[in-house]
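> Submitted below is the structure of interest, expressed as structure tokens.
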Amino acid sequence: MSAQVSFSSIEHEKARPRLTLVPQMRSTISTVGFALIIMTLVALGMGVVMVVTTSVAAQSKELSTLRVEATQLDYRAAALTTELQRTSSTAMLAFRASELGMAPNTHPAFIRLSDGAILGDPQKVTGNEAPYLTRPPKTPAVSSLGAGDAAVQQSLPVAAGTDQ
């Protein structure tokens, strides 16, 4: 039996493939070339980052300027709205009408448009119906104030319905 064992071990060794070392492949890019490629990519990346950072900084400055301008325009719009409300108020309308010599009518009449009928009792206005709403025409005021005091008096606002 010993002869059979040795014969089968020889056959077994022949059937098994032989392992050999694979020859080392030559690199197609040298280490220096690889380093140059990596350094170029890093330099390009840093350049792109610098351009983007500069662009963002410029846009940030422009945004800040536009925000300041928007705030100023908001203040201007608020001032114009306040002025419009002040000049279009009924009190200002009555004041300006009295400056033009108009008098309020305390007995108004209305016309119904569907049939043209007059509603109410229209009466002619004499101008003395509401003396607190009328204002006499402006006349130059004679004052004993000095020249400096007159400038101060002219710069002060005058309330509606009061004489200057």
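Chain labels follow the order of the structure tokens: the first chain is A, the next B, and so on; residue numbering restarts at 1 in every chain, and ligands are counted from 1 in their shown order.
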Just want the 9 Å neighbourhood of A:Asn105, counted on only C-alpha atoms, with same-chain residues fewer than 6 positions away dropped. Output as an mmCIF file with all heavy atoms, in the first residue's frame.

data_model
loop_
_atom_site.group_PDB
_atom_site.id
_atom_site.type_symbol
_atom_site.label_atom_id
_atom_site.label_comp_id
_atom_site.auth_asym_id
_atom_site.auth_seq_id
_atom_site.Cartn_x
_atom_site.Cartn_y
_atom_site.Cartn_z
ATOM 1 N N GLN A 123 -79.681 127.033 1.385
ATOM 2 C CA GLN A 123 -79.666 128.436 1.792
ATOM 3 C C GLN A 123 -78.335 129.038 1.380
ATOM 4 O O GLN A 123 -77.311 128.367 1.356
ATOM 5 C CB GLN A 123 -79.843 128.553 3.309
ATOM 6 C CG GLN A 123 -81.178 128.067 3.810
ATOM 7 C CD GLN A 123 -81.276 128.183 5.326
ATOM 8 O OE1 GLN A 123 -80.393 128.719 5.979
ATOM 9 N NE2 GLN A 123 -82.373 127.686 5.873
ATOM 10 N N LYS A 124 -78.354 130.307 1.103
ATOM 11 C CA LYS A 124 -77.154 131.016 0.709
ATOM 12 C C LYS A 124 -76.276 131.223 1.941
ATOM 13 O O LYS A 124 -76.768 131.514 3.028
ATOM 14 C CB LYS A 124 -77.514 132.355 0.089
ATOM 15 C CG LYS A 124 -76.330 133.073 -0.480
ATOM 16 C CD LYS A 124 -76.741 134.333 -1.193
ATOM 17 C CE LYS A 124 -75.503 134.987 -1.753
ATOM 18 N NZ LYS A 124 -75.806 136.179 -2.514
ATOM 19 N N VAL A 125 -74.972 131.077 1.749
ATOM 20 C CA VAL A 125 -74.019 131.226 2.846
ATOM 21 C C VAL A 125 -73.557 132.676 2.886
ATOM 22 O O VAL A 125 -73.176 133.251 1.872
ATOM 23 C CB VAL A 125 -72.817 130.277 2.646
ATOM 24 C CG1 VAL A 125 -71.793 130.490 3.730
ATOM 25 C CG2 VAL A 125 -73.278 128.843 2.618
ATOM 26 N N GLY A 127 -71.171 133.608 5.299
ATOM 27 C CA GLY A 127 -69.782 133.598 5.749
ATOM 28 C C GLY A 127 -69.641 133.681 7.251
ATOM 29 O O GLY A 127 -68.556 133.544 7.794
ATOM 30 N N GLU A 129 -71.566 131.806 9.395
ATOM 31 C CA GLU A 129 -72.201 130.643 10.000
ATOM 32 C C GLU A 129 -71.263 129.899 10.952
ATOM 33 O O GLU A 129 -71.692 129.406 11.975
ATOM 34 C CB GLU A 129 -72.680 129.659 8.920
ATOM 35 C CG GLU A 129 -73.898 130.135 8.165
ATOM 36 C CD GLU A 129 -73.537 131.073 7.031
ATOM 37 O OE1 GLU A 129 -72.346 131.329 6.797
ATOM 38 O OE2 GLU A 129 -74.439 131.554 6.361
ATOM 39 N N ALA A 130 -70.017 129.782 10.589
ATOM 40 C CA ALA A 130 -69.049 129.063 11.433
ATOM 41 C C ALA A 130 -67.766 129.885 11.506
ATOM 42 O O ALA A 130 -66.802 129.628 10.793
ATOM 43 C CB ALA A 130 -68.772 127.678 10.859
#
> Show me, as a ChimeraX atom specification, the residues that have an atom within 8 Å of A:Asp121 when counting only C-alpha atoms, minus same-chain residues fewer than 2 positions from it.
/A:107-109,119,123
> Output the selection as a PDB file, in the first residue's frame - N, CA, C and O atoms for each residue.

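Output file part_31.pdb is given in full below:
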ATOM      1  N   HIS A 107     -75.919 124.407   5.934  1.00  0.00           N
ATOM      2  CA  HIS A 107     -77.226 123.929   5.479  1.00  0.00           C
ATOM      3  C   HIS A 107     -77.073 123.327   4.074  1.00  0.00           C
ATOM      4  O   HIS A 107     -77.530 123.916   3.095  1.00  0.00           O
ATOM      5  N   PRO A 108     -76.464 122.156   3.964  1.00  0.00           N
ATOM      6  CA  PRO A 108     -76.256 121.605   2.628  1.00  0.00           C
ATOM      7  C   PRO A 108     -77.540 121.016   2.051  1.00  0.00           C
ATOM      8  O   PRO A 108     -78.461 120.640   2.781  1.00  0.00           O
ATOM      9  N   ALA A 109     -77.575 120.944   0.750  1.00  0.00           N
ATOM     10  CA  ALA A 109     -78.670 120.291   0.039  1.00  0.00           C
ATOM     11  C   ALA A 109     -78.041 119.265  -0.889  1.00  0.00           C
ATOM     12  O   ALA A 109     -76.898 119.416  -1.331  1.00  0.00           O
ATOM     13  N   LEU A 119     -82.910 117.409  -2.297  1.00  0.00           N
ATOM     14  CA  LEU A 119     -83.213 116.997  -0.929  1.00  0.00           C
ATOM     15  C   LEU A 119     -82.608 118.002   0.023  1.00  0.00           C
ATOM     16  O   LEU A 119     -81.432 118.326  -0.061  1.00  0.00           O
ATOM     17  N   GLN A 123     -79.681 127.033   1.385  1.00  0.00           N
ATOM     18  CA  GLN A 123     -79.666 128.436   1.792  1.00  0.00           C
ATOM     19  C   GLN A 123     -78.335 129.038   1.380  1.00  0.00           C
ATOM     20  O   GLN A 123     -77.311 128.367   1.356  1.00  0.00           O
TER      21      GLN A 123
END
> Name the residues in contact with A:Ile111 at a cut-off of 12 Å, using only C-alpha atoms, excluding same-chain residues fewer than 5 positions from it; report them as a PDB file with N, CA, C and O atoms, in the first residue's frame.

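Wrote it out as around.pdb, contents follow:
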ATOM      1  N   GLY A 116     -83.397 113.586 -10.090  1.00  0.00           N
ATOM      2  CA  GLY A 116     -83.010 114.998 -10.092  1.00  0.00           C
ATOM      3  C   GLY A 116     -83.678 115.810  -9.000  1.00  0.00           C
ATOM      4  O   GLY A 116     -83.618 117.042  -9.018  1.00  0.00           O
ATOM      5  N   ALA A 117     -84.279 115.150  -8.013  1.00  0.00           N
ATOM      6  CA  ALA A 117     -84.953 115.869  -6.930  1.00  0.00           C
ATOM      7  C   ALA A 117     -83.932 116.453  -5.964  1.00  0.00           C
ATOM      8  O   ALA A 117     -82.883 115.868  -5.711  1.00  0.00           O
ATOM      9  N   ILE A 118     -84.238 117.647  -5.440  1.00  0.00           N
ATOM     10  CA  ILE A 118     -83.358 118.312  -4.483  1.00  0.00           C
ATOM     11  C   ILE A 118     -83.831 117.952  -3.085  1.00  0.00           C
ATOM     12  O   ILE A 118     -84.991 118.165  -2.726  1.00  0.00           O
ATOM     13  N   LEU A 119     -82.910 117.409  -2.297  1.00  0.00           N
ATOM     14  CA  LEU A 119     -83.213 116.997  -0.929  1.00  0.00           C
ATOM     15  C   LEU A 119     -82.608 118.002   0.023  1.00  0.00           C
ATOM     16  O   LEU A 119     -81.432 118.326  -0.061  1.00  0.00           O
ATOM     17  N   GLY A 120     -83.375 118.507   0.957  1.00  0.00           N
ATOM     18  CA  GLY A 120     -82.893 119.483   1.918  1.00  0.00           C
ATOM     19  C   GLY A 120     -83.346 120.882   1.530  1.00  0.00           C
ATOM     20  O   GLY A 120     -84.007 121.104   0.512  1.00  0.00           O
ATOM     21  N   ASP A 121     -82.992 121.857   2.364  1.00  0.00           N
ATOM     22  CA  ASP A 121     -83.391 123.245   2.135  1.00  0.00           C
ATOM     23  C   ASP A 121     -82.129 124.060   1.870  1.00  0.00           C
ATOM     24  O   ASP A 121     -81.439 124.470   2.810  1.00  0.00           O
ATOM     25  N   PRO A 122     -81.771 124.280   0.614  1.00  0.00           N
ATOM     26  CA  PRO A 122     -80.546 125.041   0.329  1.00  0.00           C
ATOM     27  C   PRO A 122     -80.712 126.503   0.738  1.00  0.00           C
ATOM     28  O   PRO A 122     -81.728 127.114   0.518  1.00  0.00           O
TER      29      PRO A 122
END
> Based on the backbone DSSP call, show me all residues of stretch 24-152 of chain A assigned alpha helix (DSSP H), as a ChimeraX atom specification.
/A:31-87,90-99,147-152
> Expressed in Å to a single decimal, how great is the separation between atom CA of A:Tyr132 and atom CA of A:Ser88?
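Value for the atom CA of A:Tyr132-atom CA of A:Ser88 distance: 20.2 Å.
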